[in-house]
$ cat target.txt   # compact mmCIF, C-alpha atoms
# COMPACT_ATOMS: atom_id res chain seq x y z
CA MET W 19 0.00 0.00 0.00
CA ALA W 20 1.45 3.35 -1.06
CA THR W 21 2.04 5.90 1.68
CA ILE W 22 0.36 9.29 1.55
CA GLU W 23 3.70 10.91 0.73
CA GLU W 24 4.14 8.59 -2.25
CA MET W 25 0.61 9.30 -3.45
CA ARG W 26 1.28 13.04 -3.25
CA THR W 27 4.70 13.08 -4.91
CA ARG W 28 5.02 10.02 -7.15
CA VAL W 29 3.27 8.42 -10.10
CA GLY W 30 3.66 4.67 -9.67
CA MET W 31 4.41 2.27 -12.52
CA GLN W 32 3.41 -1.35 -12.07
CA GLU W 33 3.51 -4.22 -14.52
CA TYR W 34 0.10 -3.57 -16.04
CA ILE W 35 -1.12 -0.27 -14.59
CA VAL W 36 0.02 3.24 -13.73
CA THR W 37 -1.06 4.43 -10.27
CA ASN W 38 -1.48 7.79 -8.52
CA THR W 39 -2.18 9.59 -11.78
CA ARG W 40 -4.70 11.96 -10.24
CA SER W 41 -3.30 15.26 -8.98
CA THR W 42 -3.97 15.87 -5.30
CA ASP W 43 -1.97 19.04 -4.68
CA TYR W 44 -4.92 21.14 -3.61
CA PRO W 45 -6.41 21.89 -0.17
CA GLY W 46 -8.50 19.20 1.49
CA SER W 47 -6.99 16.16 -0.21
CA TYR W 48 -5.33 14.90 2.96
CA ALA W 49 -6.14 15.97 6.50
CA ALA W 50 -2.53 15.85 7.69
CA HIS W 51 -1.14 18.01 4.87
CA ASP W 52 -1.60 21.69 4.06
CA ASP W 53 -1.70 21.85 0.26
CA SER W 54 -2.96 25.42 0.05
CA TYR W 55 -0.93 27.62 -2.30
CA SER W 56 2.00 29.39 -0.70
CA GLN W 57 4.17 31.90 -2.55
CA GLU W 58 6.99 31.33 -0.07
CA ARG W 59 6.87 27.55 -0.51
CA PHE W 60 6.74 27.89 -4.29
CA GLU W 61 9.80 30.16 -4.41
CA LYS W 62 11.67 27.74 -2.15
CA ASN W 63 10.89 24.61 -4.18
CA PHE W 64 10.79 25.92 -7.74
CA ARG W 65 13.88 25.76 -9.89
CA ILE W 66 14.95 25.42 -13.53
CA ASP W 67 18.06 23.42 -14.46
CA ILE W 68 19.28 23.76 -18.05
CA ILE W 69 20.57 20.38 -19.22
CA SER W 70 21.55 21.17 -22.81
CA MET W 71 21.13 24.05 -25.22
CA SER W 72 22.01 24.79 -28.83
CA GLU W 73 20.81 27.24 -31.47
CA SER W 74 17.77 25.11 -32.23
CA GLU W 75 17.22 22.75 -29.29
CA MET W 76 17.00 23.05 -25.54
CA GLN W 77 16.33 20.62 -22.72
CA PHE W 78 15.80 21.73 -19.14
CA ASP W 79 14.27 20.50 -15.90
CA MET W 80 11.38 22.44 -14.42
CA VAL W 81 10.96 21.39 -10.79
CA GLY W 82 8.36 22.39 -8.24
CA ILE W 83 5.28 23.00 -10.40
CA ASN W 84 2.25 20.94 -11.35
CA ALA W 85 1.24 19.56 -14.73
CA ALA W 86 -1.23 22.38 -15.41
CA VAL W 87 1.52 25.01 -15.43
CA ALA W 88 3.93 22.84 -17.45
CA ASN W 89 1.21 22.12 -19.99
CA GLY W 90 0.38 25.82 -20.10
CA PHE W 91 3.92 26.63 -21.21
CA ARG W 92 3.79 23.83 -23.81
CA ARG W 93 0.53 25.10 -25.28
CA ILE W 94 1.74 28.70 -25.36
CA LEU W 95 4.92 27.66 -27.17
CA LEU W 96 2.91 25.76 -29.75
CA ALA W 97 0.09 28.20 -30.34
CA GLU W 98 0.67 31.69 -28.94
CA VAL W 99 4.29 32.76 -29.41
CA PRO W 100 4.23 34.71 -32.71
CA THR W 101 6.47 34.29 -35.74
CA MET W 102 6.60 35.57 -39.31
CA ALA W 103 5.26 33.31 -42.07
CA ILE W 104 4.22 33.77 -45.68
CA GLU W 105 0.52 34.62 -45.84
CA LYS W 106 -0.02 35.90 -49.41
CA VAL W 107 1.38 34.38 -52.60
CA PHE W 108 0.90 36.54 -55.70
CA ILE W 109 1.39 34.21 -58.67
CA ALA W 110 2.43 35.87 -61.95
CA ASN W 111 3.38 32.60 -63.63
CA ASN W 112 3.48 28.95 -62.60
CA THR W 113 3.98 26.39 -65.35
CA SER W 114 5.38 23.70 -63.07
CA ILE W 115 3.39 20.53 -62.43
CA ILE W 116 2.52 21.75 -58.91
CA GLN W 117 -0.90 23.37 -58.70
CA ASP W 118 -1.03 26.98 -57.54
CA GLU W 119 -2.79 26.09 -54.28
CA VAL W 120 -0.28 23.36 -53.40
CA LEU W 121 2.64 25.64 -54.27
CA ALA W 122 1.27 28.40 -52.06
CA HIS W 123 0.76 25.93 -49.20
CA ARG W 124 4.32 24.60 -49.45
CA ILE W 125 5.78 28.10 -49.53
CA GLY W 126 3.69 29.13 -46.52
CA LEU W 127 5.27 26.42 -44.37
CA ILE W 128 8.85 27.63 -44.95
CA PRO W 129 10.31 28.95 -41.64
CA LEU W 130 11.71 32.48 -41.91
CA LEU W 131 14.65 34.00 -40.06
CA ALA W 132 12.96 37.21 -38.95
CA ASP W 133 12.44 38.49 -35.42
CA PRO W 134 8.65 38.82 -34.99
CA ARG W 135 9.13 41.19 -32.05
CA LEU W 136 10.18 43.88 -34.54
CA PHE W 137 6.91 43.68 -36.49
CA GLU W 138 3.27 44.48 -35.89
CA TYR W 139 0.19 42.36 -36.53
CA ARG W 140 -1.82 43.11 -39.66
CA THR W 141 -5.45 43.88 -38.96
CA ASP W 142 -6.67 43.42 -42.54
CA SER W 143 -7.15 39.93 -43.95
CA SER W 144 -9.00 40.69 -47.19
CA ASN W 145 -7.32 41.22 -50.55
CA GLU W 146 -9.11 44.49 -51.35
CA LYS W 147 -6.66 46.90 -49.73
CA TRP W 148 -3.80 44.53 -48.97
CA GLU W 149 -1.18 46.34 -51.04
CA GLU W 150 -2.38 49.71 -49.77
CA ASN W 151 -1.99 48.67 -46.12
CA THR W 152 1.40 47.01 -46.60
CA THR W 153 4.12 48.77 -44.62
CA ALA W 154 7.66 48.08 -43.44
CA ASP W 155 6.32 47.43 -39.94
CA ASN W 156 3.82 44.69 -40.79
CA THR W 157 5.02 42.87 -43.94
CA ILE W 158 8.08 41.13 -45.36
CA GLU W 159 8.29 40.70 -49.13
CA PHE W 160 10.14 38.00 -51.07
CA GLU W 161 10.48 37.29 -54.77
CA LEU W 162 10.74 33.79 -56.20
CA LYS W 163 11.51 33.80 -59.91
CA VAL W 164 13.06 30.65 -61.36
CA ARG W 165 13.11 29.21 -64.89
CA CYS W 166 14.39 25.74 -65.77
CA GLU W 167 16.62 25.37 -68.83
CA ARG W 168 18.79 22.68 -70.39
CA ASN W 169 22.45 22.67 -69.45
CA PRO W 170 24.45 22.95 -72.69
CA HIS W 171 27.59 21.76 -70.92
CA ALA W 172 26.11 18.54 -69.55
CA ALA W 173 27.87 15.29 -70.47
CA LYS W 174 26.23 13.27 -73.23
CA ASP W 175 25.81 10.23 -70.99
CA ALA W 176 24.50 12.27 -68.03
CA THR W 177 21.25 11.08 -66.42
CA ASP W 178 21.14 13.20 -63.27
CA PRO W 179 18.54 16.00 -63.67
CA ASP W 180 20.75 18.32 -61.62
CA GLU W 181 23.44 17.90 -64.27
CA LEU W 182 21.17 17.85 -67.32
CA TYR W 183 19.19 20.96 -66.40
CA LYS W 184 19.67 24.32 -64.74
CA ASN W 185 17.33 25.12 -61.86
CA SER W 186 15.60 21.76 -61.99
CA ARG W 187 15.12 22.01 -58.23
CA VAL W 188 13.50 25.13 -56.82
CA LEU W 189 14.95 25.70 -53.35
CA THR W 190 14.52 28.31 -50.66
CA GLU W 191 17.85 29.81 -51.73
CA HIS W 192 15.98 31.13 -54.78
CA MET W 193 13.79 33.28 -52.52
CA HIS W 194 15.11 36.85 -52.52
CA TRP W 195 14.16 39.35 -49.85
CA LYS W 196 12.83 42.67 -51.18
CA PRO W 197 13.15 45.26 -48.37
CA ILE W 198 10.18 47.57 -47.85
CA GLY W 199 10.81 51.12 -46.61
CA ASP W 200 13.68 51.22 -44.10
CA GLN W 201 13.93 47.45 -43.66
CA ALA W 202 17.32 47.30 -45.44
CA ASP W 203 18.87 49.55 -42.77
CA LYS W 204 16.87 48.06 -39.91
CA PHE W 205 18.00 44.50 -40.68
CA ALA W 206 21.43 45.28 -42.13
CA THR W 207 23.25 43.12 -39.56
CA CYS W 208 20.86 40.17 -39.92
CA PRO W 209 19.19 40.13 -43.36
CA ILE W 210 15.80 38.43 -43.51
CA ARG W 211 15.85 35.05 -45.24
CA PRO W 212 14.53 31.49 -44.98
CA VAL W 213 16.01 29.63 -42.02
CA HIS W 214 17.40 26.96 -44.34
CA ASN W 215 18.53 27.50 -47.93
CA ASP W 216 18.08 23.90 -49.09
CA ILE W 217 14.35 23.31 -48.54
CA LEU W 218 12.85 21.87 -51.71
CA ILE W 219 9.86 23.84 -53.02
CA ALA W 220 9.30 22.25 -56.44
CA LYS W 221 10.94 20.32 -59.28
CA MET W 222 10.85 21.58 -62.85
CA ARG W 223 11.91 20.62 -66.37
CA PRO W 224 13.09 22.82 -69.27
CA GLY W 225 10.55 25.45 -70.23
CA GLN W 226 8.79 25.48 -66.87
CA GLU W 227 8.85 28.60 -64.73
CA ILE W 228 7.75 29.87 -61.35
CA ASP W 229 7.35 33.62 -60.89
CA VAL W 230 5.71 34.62 -57.61
CA ARG W 231 5.77 37.46 -55.10
CA LEU W 232 5.45 36.57 -51.41
CA HIS W 233 4.21 38.54 -48.42
CA ALA W 234 5.01 37.33 -44.89
CA VAL W 235 3.10 38.62 -41.86
CA LYS W 236 3.09 38.14 -38.09
CA GLY W 237 0.81 35.47 -36.66
CA ILE W 238 0.41 32.73 -34.05
CA GLY W 239 0.09 28.96 -34.29
CA ARG W 240 -3.47 29.05 -32.97
CA ASP W 241 -4.48 30.63 -36.29
CA HIS W 242 -2.33 28.41 -38.51
CA ALA W 243 0.38 25.83 -37.84
CA LYS W 244 2.81 27.67 -40.15
CA PHE W 245 3.14 30.37 -37.46
CA SER W 246 4.14 27.89 -34.74
CA PRO W 247 7.71 28.72 -33.64
CA VAL W 248 8.56 25.18 -32.53
CA ALA W 249 8.93 21.92 -34.38
CA THR W 250 8.08 20.30 -31.06
CA ALA W 251 7.61 21.34 -27.45
CA SER W 252 7.06 18.50 -25.00
CA TYR W 253 7.61 17.41 -21.44
CA ARG W 254 7.72 14.20 -19.44
CA LEU W 255 8.06 13.35 -15.78
CA MET W 256 11.46 12.45 -14.38
CA PRO W 257 11.74 8.65 -13.97
CA GLU W 258 12.75 7.26 -10.60
CA ILE W 259 14.25 3.78 -10.22
CA THR W 260 14.66 2.36 -6.72
CA ILE W 261 16.39 -0.96 -6.07
CA THR W 262 14.50 -2.53 -3.17
CA LYS W 263 16.62 -5.63 -2.55
CA PRO W 264 19.93 -7.13 -3.71
CA ILE W 265 20.00 -8.58 -7.21
CA PRO W 266 21.82 -11.91 -7.73
CA GLU W 267 25.08 -11.41 -9.56
CA GLU W 268 24.11 -13.82 -12.33
CA LEU W 269 21.11 -11.58 -13.14
CA LEU W 270 22.96 -8.26 -13.19
CA ASP W 271 23.55 -8.19 -16.94
CA LYS W 272 19.90 -9.01 -17.59
CA PHE W 273 18.88 -6.26 -15.17
CA VAL W 274 21.00 -3.67 -17.01
CA GLU W 275 19.55 -4.75 -20.37
CA CYS W 276 16.01 -4.11 -19.12
CA PHE W 277 16.63 -0.35 -19.16
CA SER W 278 17.64 2.13 -21.84
CA ALA W 279 21.35 2.50 -22.51
CA GLY W 280 23.13 4.61 -19.89
CA VAL W 281 20.45 4.30 -17.20
CA VAL W 282 22.02 1.48 -15.14
CA GLU W 283 25.66 0.45 -14.89
CA ILE W 284 27.43 -2.25 -12.93
CA ALA W 285 29.75 -0.96 -10.21
CA THR W 286 31.82 -2.55 -7.45
CA ASP W 287 31.08 -2.00 -3.77
CA ASN W 288 33.56 -1.89 -0.86
CA THR W 289 33.67 -5.67 -0.61
CA GLY W 290 34.48 -6.11 -4.31
CA ARG W 291 31.00 -7.39 -5.11
CA ARG W 292 29.36 -6.34 -8.38
CA VAL W 293 26.22 -4.24 -7.78
CA PRO W 294 23.86 -2.26 -10.03
CA GLU W 295 24.05 1.53 -9.93
CA ILE W 296 21.38 3.91 -11.20
CA VAL W 297 23.48 6.40 -13.19
CA ASN W 298 21.11 8.49 -15.28
CA PRO W 299 17.38 7.80 -14.79
CA ARG W 300 16.36 10.62 -17.15
CA LEU W 301 17.40 8.43 -20.10
CA ASP W 302 14.88 5.75 -19.18
CA THR W 303 11.88 5.39 -21.49
CA CYS W 304 9.84 3.71 -18.74
CA SER W 305 9.22 0.58 -20.79
CA ARG W 306 8.82 -1.46 -17.55
CA GLU W 307 10.67 -4.31 -19.22
CA VAL W 308 12.20 -5.31 -15.88
CA LEU W 309 8.74 -6.07 -14.48
CA ARG W 310 8.25 -8.84 -17.06
CA HIS W 311 10.93 -10.98 -15.42
CA GLU W 312 9.77 -12.95 -12.39
CA LYS W 313 13.21 -13.04 -10.78
CA LEU W 314 13.73 -9.27 -11.11
CA LYS W 315 10.38 -7.54 -10.71
CA ASP W 316 10.37 -7.74 -6.91
CA SER W 317 13.84 -6.21 -6.71
CA VAL W 318 12.99 -2.82 -8.18
CA LYS W 319 10.40 -0.09 -7.80
CA LEU W 320 9.56 2.17 -10.75
CA SER W 321 7.93 5.57 -10.48
CA ARG W 322 7.95 9.12 -11.81
CA ILE W 323 8.44 12.28 -9.79
CA ARG W 324 5.19 14.20 -10.02
CA ASP W 325 6.56 17.76 -9.93
CA HIS W 326 9.80 17.21 -11.90
CA PHE W 327 9.31 17.89 -15.60
CA ILE W 328 11.89 17.23 -18.31
CA PHE W 329 11.08 19.91 -20.89
CA SER W 330 12.27 19.78 -24.51
CA ILE W 331 12.00 22.62 -27.03
CA GLU W 332 13.01 22.40 -30.69
CA SER W 333 12.82 25.74 -32.49
CA THR W 334 12.04 26.08 -36.20
CA GLY W 335 14.80 28.69 -36.33
CA ALA W 336 13.16 32.11 -36.15
CA LEU W 337 14.13 32.50 -32.48
CA ARG W 338 16.48 30.55 -30.26
CA PRO W 339 14.76 28.10 -27.88
CA GLU W 340 15.67 30.06 -24.74
CA GLU W 341 14.14 33.19 -26.30
CA LEU W 342 10.97 31.24 -27.08
CA MET W 343 10.73 30.17 -23.45
CA ARG W 344 11.17 33.76 -22.27
CA GLU W 345 8.43 34.89 -24.65
CA SER W 346 6.10 32.16 -23.38
CA ILE W 347 6.68 33.33 -19.80
CA LYS W 348 5.83 36.91 -20.80
CA ILE W 349 2.62 35.73 -22.47
CA LEU W 350 1.59 33.71 -19.41
CA MET W 351 2.31 36.71 -17.16
CA ALA W 352 0.17 38.91 -19.41
CA LYS W 353 -2.67 36.40 -19.25
CA CYS W 354 -2.50 36.32 -15.46
CA SER W 355 -2.47 40.12 -15.26
CA SER W 356 -5.45 40.34 -17.59
CA PHE W 357 -7.34 37.79 -15.51
CA LEU W 358 -6.60 39.60 -12.25
CA GLU W 359 -7.64 42.95 -13.68
CA SER W 360 -10.90 41.56 -15.06
CA ASP W 361 -11.59 39.81 -11.73
CA VAL W 362 -11.02 43.06 -9.81
CA LEU W 363 -13.25 44.98 -12.20
CA ALA W 364 -15.98 42.34 -11.95
CA SER W 365 -15.97 42.52 -8.16
$ encode --input "target.txt" --output "structure tokens"
Amino acid sequence: MATIEEMRTRVGMQEYIVTNTRSTDYPGSYAAHDDSYSQERFEKNFRIDIISMSESEMQFDMVGINAAVANGFRRILLAEVPTMAIEKVFIANNTSIIQDEVLAHRIGLIPLLADPRLFEYRTDSSNEKWEENTTADNTIEFELKVRCERNPHAAKDATDPDELYKNSRVLTEHMHWKPIGDQADKFATCPIRPVHNDILIAKMRPGQEIDVRLHAVKGIGRDHAKFSPVATASYRLMPEITITKPIPEELLDKFVECFSAGVVEIATDNTGRRVPEIVNPRLDTCSREVLRHEKLKDSVKLSRIRDHFIFSIESTGALRPEELMRESIKILMAKCSSFLESDVLAS
């Protein structure tokens, strides 16, 4: 029988079921515990540990919060942190085999290296006065003009289209930024461009041409997935592996194999005896493989720490992952302020 402390702080993993999944961190759950919210207790227990960080990916531990807050950050990252994405595609000519609608959709999903914090939202969505309302503060313009031709210098026995033809593959490197107003000076140190230059847009053959003008605007993922700043934003609870009784030496190798690589290693104790050592539980995928073995399942206890979240962010490239997290915090703070103000006004 799980103790109250285990029920409050751990999610149990048994052979066939997962226990203690219901959150109980609110007042009245247990008579002997005060689970009312405390700012002082939160500041004491809450912490963020950055595990790894690069230009596009970040993994960190968020400790001392509940799933509602962690999921709030995840949802904000996916749907409410703004980016710039291509909204309007003005097609002058498209003789490729890709239909206009499909071409426009593919172009719209191309991530752009442009700081959305330096732009304003467009309030107009219709085409009637789009050009008239286009300014340097709300729109980015690109030109994509590519024509496929035969390569006169190709070898006679060549079969590769990239060698036989010029511009047979239309890539994002063919998209050229056309500054509006003072954008050339404003973004002189970091010119606006697609995040990657090798994204394939279309394939063409001699005589085919694509001539389009593109307008990118500021938006959020809640309106369209192309505005989402992350390829993925996810979290999982920190695994906890507790060895409850000694494991026979002849079963040690089998025990290690039951977990993901790097989770358990075999060490030597003071008496020279080989013993298992939990090295890095965060690498465990919680497959519960060890519980399938009759001789091992009573020697280990598997659980997850309820308030310890392993958070992973993978940026599409417009902003670095740590900047995305800062923006999500600002958005959550603004939501809280708005709620408090409306609650005060209502009362």
$ residues_around --input "target.txt" --residues "Glu268 in chain W" --least-positions-apart "5" --cutoff "12 Å" --atoms "only C-alpha atoms" --output "number ranges by chain"
W: 273-274, 291-294, 313-314
$ residues_around --input "target.txt" --residues "Lys348 in chain W" --least-positions-apart "4" --cutoff "12 Å" --atoms "only C-alpha atoms" --output "number ranges by chain"
W: 91, 94-95, 98-99, 341-344, 352-355
$ residues_around --input "target.txt" --residues "Glu33 in chain W" --least-positions-apart "2" --cutoff "8 Å" --atoms "only C-alpha atoms" --output "list of chain:residue names"
W:Met31, W:Ile35, W:Arg306, W:Leu309, W:Arg310
$ closest_residue --input "target.txt" --among "W:Ala251, W:Ile198, W:Ile296, W:Met193" --to "Glu332 in chain W" --atoms "all atoms listed in the file"
W:Ala251
$ atom_distance --input "target.txt" --atom1 "CA of Asp155 in chain W" --atom2 "CA of Phe137 in chain W"
5.1 Å
$ axis_aligned_box --input "target.txt" --around "range 327-346 of chain W" --padding-each-side "3 Å" --output "lines of an AutoDock Vina configuration file"
center_x = 11.3
center_y = 26.1
center_z = -26.0
size_x = 16.4
size_y = 23.7
size_z = 26.7
$ closest_residue --input "target.txt" --among "W:Glu75, W:Glu58, W:Asp118, W:Glu138" --to "Pro100 in chain W" --atoms "only C-alpha atoms"
W:Glu138
$ atom_distance --input "target.txt" --atom1 "CA of Lys221 in chain W" --atom2 "CA of Leu189 in chain W"
9.0 Å
$ closest_residue --input "target.txt" --among "W:Ser114, W:Ser246, W:Gln57, W:Thr153" --to "Arg187 in chain W" --atoms "all atoms listed in the file"
W:Ser114
$ atom_distance --input "target.txt" --atom1 "CA of Val281 in chain W" --atom2 "CA of Ser72 in chain W"
23.6 Å
$ residues_around --input "target.txt" --residues "range 223-228 of chain W" --least-positions-apart "2" --cutoff "12 Å" --atoms "all atoms listed in the file" --output "ChimeraX atom specification"
/W:107-118,121-122,161-170,179-180,182-189,192-193,219-221,230-231
$ write_last_selection --input "target.txt" --atoms "C-alpha atoms" --output "PDB file, in the coordinates of the input"
ATOM      1  CA  VAL W 107       1.380  34.380 -52.600  1.00  0.00           C
ATOM      2  CA  PHE W 108       0.900  36.540 -55.700  1.00  0.00           C
ATOM      3  CA  ILE W 109       1.390  34.210 -58.670  1.00  0.00           C
ATOM      4  CA  ALA W 110       2.430  35.870 -61.950  1.00  0.00           C
ATOM      5  CA  ASN W 111       3.380  32.600 -63.630  1.00  0.00           C
ATOM      6  CA  ASN W 112       3.480  28.950 -62.600  1.00  0.00           C
ATOM      7  CA  THR W 113       3.980  26.390 -65.350  1.00  0.00           C
ATOM      8  CA  SER W 114       5.380  23.700 -63.070  1.00  0.00           C
ATOM      9  CA  ILE W 115       3.390  20.530 -62.430  1.00  0.00           C
ATOM     10  CA  ILE W 116       2.520  21.750 -58.910  1.00  0.00           C
ATOM     11  CA  GLN W 117      -0.900  23.370 -58.700  1.00  0.00           C
ATOM     12  CA  ASP W 118      -1.030  26.980 -57.540  1.00  0.00           C
ATOM     13  CA  LEU W 121       2.640  25.640 -54.270  1.00  0.00           C
ATOM     14  CA  ALA W 122       1.270  28.400 -52.060  1.00  0.00           C
ATOM     15  CA  GLU W 161      10.480  37.290 -54.770  1.00  0.00           C
ATOM     16  CA  LEU W 162      10.740  33.790 -56.200  1.00  0.00           C
ATOM     17  CA  LYS W 163      11.510  33.800 -59.910  1.00  0.00           C
ATOM     18  CA  VAL W 164      13.060  30.650 -61.360  1.00  0.00           C
ATOM     19  CA  ARG W 165      13.110  29.210 -64.890  1.00  0.00           C
ATOM     20  CA  CYS W 166      14.390  25.740 -65.770  1.00  0.00           C
ATOM     21  CA  GLU W 167      16.620  25.370 -68.830  1.00  0.00           C
ATOM     22  CA  ARG W 168      18.790  22.680 -70.390  1.00  0.00           C
ATOM     23  CA  ASN W 169      22.450  22.670 -69.450  1.00  0.00           C
ATOM     24  CA  PRO W 170      24.450  22.950 -72.690  1.00  0.00           C
ATOM     25  CA  PRO W 179      18.540  16.000 -63.670  1.00  0.00           C
ATOM     26  CA  ASP W 180      20.750  18.320 -61.620  1.00  0.00           C
ATOM     27  CA  LEU W 182      21.170  17.850 -67.320  1.00  0.00           C
ATOM     28  CA  TYR W 183      19.190  20.960 -66.400  1.00  0.00           C
ATOM     29  CA  LYS W 184      19.670  24.320 -64.740  1.00  0.00           C
ATOM     30  CA  ASN W 185      17.330  25.120 -61.860  1.00  0.00           C
ATOM     31  CA  SER W 186      15.600  21.760 -61.990  1.00  0.00           C
ATOM     32  CA  ARG W 187      15.120  22.010 -58.230  1.00  0.00           C
ATOM     33  CA  VAL W 188      13.500  25.130 -56.820  1.00  0.00           C
ATOM     34  CA  LEU W 189      14.950  25.700 -53.350  1.00  0.00           C
ATOM     35  CA  HIS W 192      15.980  31.130 -54.780  1.00  0.00           C
ATOM     36  CA  MET W 193      13.790  33.280 -52.520  1.00  0.00           C
ATOM     37  CA  ILE W 219       9.860  23.840 -53.020  1.00  0.00           C
ATOM     38  CA  ALA W 220       9.300  22.250 -56.440  1.00  0.00           C
ATOM     39  CA  LYS W 221      10.940  20.320 -59.280  1.00  0.00           C
ATOM     40  CA  VAL W 230       5.710  34.620 -57.610  1.00  0.00           C
ATOM     41  CA  ARG W 231       5.770  37.460 -55.100  1.00  0.00           C
TER      42      ARG W 231
END
$ closest_residue --input "target.txt" --among "W:Leu131, W:Ile83, W:Met102, W:Asn156" --to "Lys62 in chain W" --atoms "all atoms listed in the file"
W:Ile83
$ closest_residue --input "target.txt" --among "W:Thr260, W:Trp195, W:His242, W:Lys147" --to "Asp316 in chain W" --atoms "only C-alpha atoms"
W:Thr260
$ residues_near_point --input "target.txt" --point "(11.4, 33.8, -46.2)" --cutoff "6 Å" --atoms "all atoms listed in the file" --output "PyMOL selection string"
chain W and resi 130+211-212
$ closest_residue --input "target.txt" --among "W:Ala86, W:Cys208, W:Val297, W:Leu127" --to "Tyr253 in chain W" --atoms "all atoms listed in the file"
W:Ala86
$ residues_near_point --input "target.txt" --point "(15.2, 3.7, -20.2)" --cutoff "9 Å" --atoms "only C-alpha atoms" --output "PyMOL selection string"
chain W and resi 257+276-282+299-306
$ decode --input "target.txt" --residues "range 214-229 of chain W" --atoms "N, CA and C atoms" --output "PDB file, in the first residue's frame"
ATOM      1  N   HIS W 214      16.535  27.894 -43.619  1.00  0.00           N
ATOM      2  CA  HIS W 214      17.403  26.961 -44.335  1.00  0.00           C
ATOM      3  C   HIS W 214      17.332  27.264 -45.832  1.00  0.00           C
ATOM      4  N   ASN W 215      18.475  27.187 -46.509  1.00  0.00           N
ATOM      5  CA  ASN W 215      18.525  27.502 -47.933  1.00  0.00           C
ATOM      6  C   ASN W 215      18.280  26.301 -48.840  1.00  0.00           C
ATOM      7  N   ASP W 216      18.162  25.103 -48.257  1.00  0.00           N
ATOM      8  CA  ASP W 216      18.075  23.898 -49.088  1.00  0.00           C
ATOM      9  C   ASP W 216      16.724  23.201 -48.994  1.00  0.00           C
ATOM     10  N   ILE W 217      15.684  23.917 -48.583  1.00  0.00           N
ATOM     11  CA  ILE W 217      14.351  23.314 -48.537  1.00  0.00           C
ATOM     12  C   ILE W 217      13.786  23.243 -49.955  1.00  0.00           C
ATOM     13  N   LEU W 218      13.369  22.061 -50.356  1.00  0.00           N
ATOM     14  CA  LEU W 218      12.852  21.869 -51.712  1.00  0.00           C
ATOM     15  C   LEU W 218      11.422  22.395 -51.814  1.00  0.00           C
ATOM     16  N   ILE W 219      11.191  23.286 -52.786  1.00  0.00           N
ATOM     17  CA  ILE W 219       9.858  23.839 -53.018  1.00  0.00           C
ATOM     18  C   ILE W 219       9.164  23.118 -54.166  1.00  0.00           C
ATOM     19  N   ALA W 220       9.893  22.899 -55.264  1.00  0.00           N
ATOM     20  CA  ALA W 220       9.299  22.248 -56.443  1.00  0.00           C
ATOM     21  C   ALA W 220      10.418  21.694 -57.325  1.00  0.00           C
ATOM     22  N   LYS W 221      10.032  20.820 -58.251  1.00  0.00           N
ATOM     23  CA  LYS W 221      10.943  20.323 -59.279  1.00  0.00           C
ATOM     24  C   LYS W 221      10.388  20.716 -60.640  1.00  0.00           C
ATOM     25  N   MET W 222      11.284  21.124 -61.529  1.00  0.00           N
ATOM     26  CA  MET W 222      10.848  21.578 -62.853  1.00  0.00           C
ATOM     27  C   MET W 222      11.694  20.937 -63.950  1.00  0.00           C
ATOM     28  N   ARG W 223      11.210  21.071 -65.167  1.00  0.00           N
ATOM     29  CA  ARG W 223      11.906  20.621 -66.365  1.00  0.00           C
ATOM     30  C   ARG W 223      11.981  21.781 -67.353  1.00  0.00           C
ATOM     31  N   PRO W 224      12.872  21.693 -68.361  1.00  0.00           N
ATOM     32  CA  PRO W 224      13.093  22.821 -69.273  1.00  0.00           C
ATOM     33  C   PRO W 224      11.798  23.422 -69.817  1.00  0.00           C
ATOM     34  N   GLY W 225      11.719  24.734 -69.766  1.00  0.00           N
ATOM     35  CA  GLY W 225      10.547  25.450 -70.233  1.00  0.00           C
ATOM     36  C   GLY W 225       9.579  25.822 -69.130  1.00  0.00           C
ATOM     37  N   GLN W 226       9.685  25.178 -67.984  1.00  0.00           N
ATOM     38  CA  GLN W 226       8.787  25.481 -66.869  1.00  0.00           C
ATOM     39  C   GLN W 226       9.351  26.635 -66.038  1.00  0.00           C
ATOM     40  N   GLU W 227       8.440  27.389 -65.444  1.00  0.00           N
ATOM     41  CA  GLU W 227       8.847  28.595 -64.731  1.00  0.00           C
ATOM     42  C   GLU W 227       7.924  28.858 -63.545  1.00  0.00           C
ATOM     43  N   ILE W 228       8.511  29.392 -62.501  1.00  0.00           N
ATOM     44  CA  ILE W 228       7.752  29.871 -61.348  1.00  0.00           C
ATOM     45  C   ILE W 228       8.127  31.320 -61.112  1.00  0.00           C
ATOM     46  N   ASP W 229       7.140  32.191 -61.112  1.00  0.00           N
ATOM     47  CA  ASP W 229       7.351  33.620 -60.891  1.00  0.00           C
ATOM     48  C   ASP W 229       6.285  34.094 -59.907  1.00  0.00           C
TER      49      ASP W 229
END
